[in-house]
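Input: a single structure, listed below in structure tokens.
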Amino acid sequence: MELRTLEYFVAVAEEGSFTKAAARCHVVQPAISQQIQALEKELGEPLFERLPRQVALTSGGIALLPHARACLAAAAAAALEFADRSGLLSGSLALGTVGGLEGTRVLRLLGEYHRRYPGVAVRLTGASSPALLAQVRSGTLDAAIVAAPPEGLPAHIGSRLLLEDRIIAVVPVGTRTADRPLTLAQAARSTLISYGPDSGAYAFIRDAFAAQELPLDIAYATNDVALQVALVAERIGIALTSHASPVVASDPRIVAMALEPVIRLPKVFAWRLGPRPGPPLRALLDLWTEFSEEPDRNRTNHWP
């Protein structure tokens, strides 16, 4: 019973498909099918029930799954420990990020990671939260920093809280003062500039307006906060955007206002709960934990 075979078995179990498991493991489907068949022959019973559109674990597969995950986790832990001992951790780490993280500890975290593990090639990908989560789930990305969806994260996705962001209103300077919140009813009567439906923040705004039985009509939809602010500065309308974005605090042409009721926007570090995170991801998770124990000098940021 080889670790690679167990990795294929867990991938099929979690994906419910030989085709998706092959894509996740970056191999052709026949290779996975042959390995699973050999494993079933070795154990003396079928591990999957082959259905027309998916596969499901048999009782034997259900019994094997926790053992397979434990074996893969132990192997990953051993690899990481010895990589740390030798100082030769290498490989690659594909990390996705949403915008507005310039004011958080993410940059210092990545800087320390680079200094400790210069042999790891880090590839950053920027996109909307739903797109990044889909890539984490498929295995295209090792992890991502995203807005956690209101309905919760998908199955097999682990997370740690990065910060409790919130949505604020941004208005042209001289039109309103920031001494009292802007109500959602007032916002609904304005020309709105905000995120598009492909953004993770959009769902929080949509649900908040729906809870107040207010229409949400976003006239200018863009996920680029700098562009949102520029449109506000041209007095086109008001923007509903992330409080954490440094663009908002640095532009003298606009005024940032609290919203009533508050629209919270939690941002999390998310990764796939696979059987064995690679050593580069394990090292990043360990470093994340180390950073979380430090005093936080930024009141906006909250680390687990």
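Identifiers for the structure tokens are assigned positionally: chains receive A, B, ... in sequence, residues are indexed from 1 per chain, and ligands are indexed from 1 in the order shown.
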
> DSSP on the backbone: what in region 15-208 of chain A comes out helix (DSSP H, G or I), as a ChimeraX atom specification?
Replying inline: /A:15,18-25,29-43,59-86,106-116,129-138,184-188,200-208

Leaving out Leu273 (chain A) and any residue of its chain fewer than 5 positions from it, which residues lie within 6 Å of it when counting only C-alpha atoms, given as a short mmCIF file (atom, residue, chain, number, x, y, z; two decimals) with C-alpha atoms, in the first residue's frame?
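The resulting file, part02.cif, is reproduced below:
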```
data_model
loop_
_atom_site.label_atom_id
_atom_site.label_comp_id
_atom_site.auth_asym_id
_atom_site.auth_seq_id
_atom_site.Cartn_x
_atom_site.Cartn_y
_atom_site.Cartn_z
CA HIS A 156 -13.30 20.34 2.89
CA ILE A 157 -12.12 23.97 3.25
CA GLY A 158 -10.31 24.98 6.43
#
```

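All residues of protein, DNA or RNA that reach within 10 Å of region 58-64 of chain A, judged by only C-alpha atoms and not counting those fewer than 3 positions away in the chain, are Leu6, Phe9, Val10, Ala13, Glu40, Leu43, Gly44, Glu45, Pro46, Leu47, Phe48, Glu49, Arg50, Val55, His67, Ala68 and Arg69 of chain A.
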
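With only C-alpha atoms as the basis for measurement, A:Ala94 is the residue among A:Leu65, A:Ala134, A:Ala94, A:Ile145 that approaches Val120 (chain A) most closely.
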
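Here the strand (DSSP E) residues in region 208-260 of chain A, by DSSP on the backbone, are Ile218, Ala219, Tyr220, Ala221, Ile238, Ala239, Leu240, Thr241, Ser242, Ile254, Val255, Ala256, Met257, Leu259 and Glu260 of chain A.
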
>> Give me the residues near Ser128 (chain A) as a ChimeraX atom specification, where near means some atom within 12 Å (using only C-alpha atoms) and where sequence neighbours in that chain fewer than 4 positions away do not count.
In response: /A:96-100,132-135,144-149,195-202,222-224

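Minimum atom-to-atom distances from A:Val106, A:Ala188, A:Arg4, A:Pro172 to Glu213 (chain A) were compared using only C-alpha atoms, and the lowest value belongs to A:Ala188.
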
>> What's around Val247 (chain A) at 9 Å? Count only C-alpha atoms, leave out sequence neighbours fewer than 2 positions away in its own chain, and write the answer as a PyMOL selection string.
In response: chain A and resi 100+225-226+229+244-245+249-251

> Expressed in Å to a single decimal, how great is the separation between CA of Ser159 (chain A) and CA of Ala79 (chain A)?
Replying inline: 22.8 Å

>> I want to know what sits within 8 Å of region 24-34 of chain A, based on only C-alpha atoms, with residues of the same chain fewer than 4 positions away left out; could you give that as a ChimeraX atom specification?
In response: /A:5,8,11,18-20,38,138-140

Could those selected residues go to a file with N, CA, C and O atoms, as a PDB file, in the first residue's frame?
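Heads up, here's the output in result22.pdb:
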```pdb
ATOM      1  N   THR A   5      -0.890   5.884  -3.845  1.00  0.00           N
ATOM      2  CA  THR A   5      -2.180   5.217  -4.041  1.00  0.00           C
ATOM      3  C   THR A   5      -3.204   5.732  -3.045  1.00  0.00           C
ATOM      4  O   THR A   5      -4.372   5.977  -3.388  1.00  0.00           O
ATOM      5  N   TYR A   8      -4.439   9.087  -4.153  1.00  0.00           N
ATOM      6  CA  TYR A   8      -5.449   8.958  -5.206  1.00  0.00           C
ATOM      7  C   TYR A   8      -6.792   8.538  -4.608  1.00  0.00           C
ATOM      8  O   TYR A   8      -7.851   9.054  -4.997  1.00  0.00           O
ATOM      9  N   ALA A  11      -8.421  11.477  -2.907  1.00  0.00           N
ATOM     10  CA  ALA A  11      -8.869  12.450  -3.911  1.00  0.00           C
ATOM     11  C   ALA A  11     -10.190  12.007  -4.540  1.00  0.00           C
ATOM     12  O   ALA A  11     -11.112  12.813  -4.705  1.00  0.00           O
ATOM     13  N   PHE A  18     -13.635  10.145 -10.539  1.00  0.00           N
ATOM     14  CA  PHE A  18     -12.291   9.792 -10.972  1.00  0.00           C
ATOM     15  C   PHE A  18     -11.698  10.904 -11.840  1.00  0.00           C
ATOM     16  O   PHE A  18     -10.501  11.198 -11.760  1.00  0.00           O
ATOM     17  N   THR A  19     -12.547  11.532 -12.664  1.00  0.00           N
ATOM     18  CA  THR A  19     -12.068  12.585 -13.552  1.00  0.00           C
ATOM     19  C   THR A  19     -11.569  13.787 -12.759  1.00  0.00           C
ATOM     20  O   THR A  19     -10.484  14.324 -13.019  1.00  0.00           O
ATOM     21  N   LYS A  20     -12.368  14.231 -11.774  1.00  0.00           N
ATOM     22  CA  LYS A  20     -11.966  15.381 -10.959  1.00  0.00           C
ATOM     23  C   LYS A  20     -10.746  15.047 -10.107  1.00  0.00           C
ATOM     24  O   LYS A  20      -9.884  15.898  -9.887  1.00  0.00           O
ATOM     25  N   ALA A  38      -6.031  -1.727  -8.111  1.00  0.00           N
ATOM     26  CA  ALA A  38      -4.984  -2.507  -7.456  1.00  0.00           C
ATOM     27  C   ALA A  38      -5.157  -2.476  -5.937  1.00  0.00           C
ATOM     28  O   ALA A  38      -4.939  -3.487  -5.253  1.00  0.00           O
ATOM     29  N   SER A 138     -10.550  23.131  -6.095  1.00  0.00           N
ATOM     30  CA  SER A 138     -10.114  22.251  -7.183  1.00  0.00           C
ATOM     31  C   SER A 138      -8.655  21.852  -7.051  1.00  0.00           C
ATOM     32  O   SER A 138      -8.189  20.956  -7.759  1.00  0.00           O
ATOM     33  N   GLY A 139      -7.914  22.535  -6.173  1.00  0.00           N
ATOM     34  CA  GLY A 139      -6.498  22.231  -6.019  1.00  0.00           C
ATOM     35  C   GLY A 139      -5.584  23.084  -6.880  1.00  0.00           C
ATOM     36  O   GLY A 139      -4.369  22.925  -6.827  1.00  0.00           O
ATOM     37  N   THR A 140      -6.153  24.005  -7.675  1.00  0.00           N
ATOM     38  CA  THR A 140      -5.322  24.892  -8.485  1.00  0.00           C
ATOM     39  C   THR A 140      -4.506  25.825  -7.598  1.00  0.00           C
ATOM     40  O   THR A 140      -3.362  26.159  -7.904  1.00  0.00           O
TER      41      THR A 140
END
```

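When only C-alpha atoms are used to compute distances to Ala155 (chain A), the closest of the residues A:Arg137, A:Val170, A:His243, A:Pro52 turns out to be A:Arg137.
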
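Candidate residues A:Ile254, A:Ala73, A:Phe269, A:Pro246 were compared for distance to Glu102 (chain A), and the nearest is A:Pro246, using only C-alpha atoms.
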
> Near Phe209 (chain A), within 9 Å and counting only C-alpha atoms, which residues show up once chain neighbours fewer than 5 positions away are dropped, as an MDAnalysis selection string?
Replying inline: chainID A and resid 184:185 188 204 214:216

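Relative to CA of Ala131 (chain A), CA of Pro150 (chain A) is found at 15.4 Å.
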
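If you measure from each of A:Arg105, A:Pro118, A:Leu227, A:Ile168 to Arg264 (chain A) using only C-alpha atoms, the closest one turns out to be A:Ile168.
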
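Note that CA of Glu234 (chain A) and CA of Leu101 (chain A) are 25.3 Å apart.
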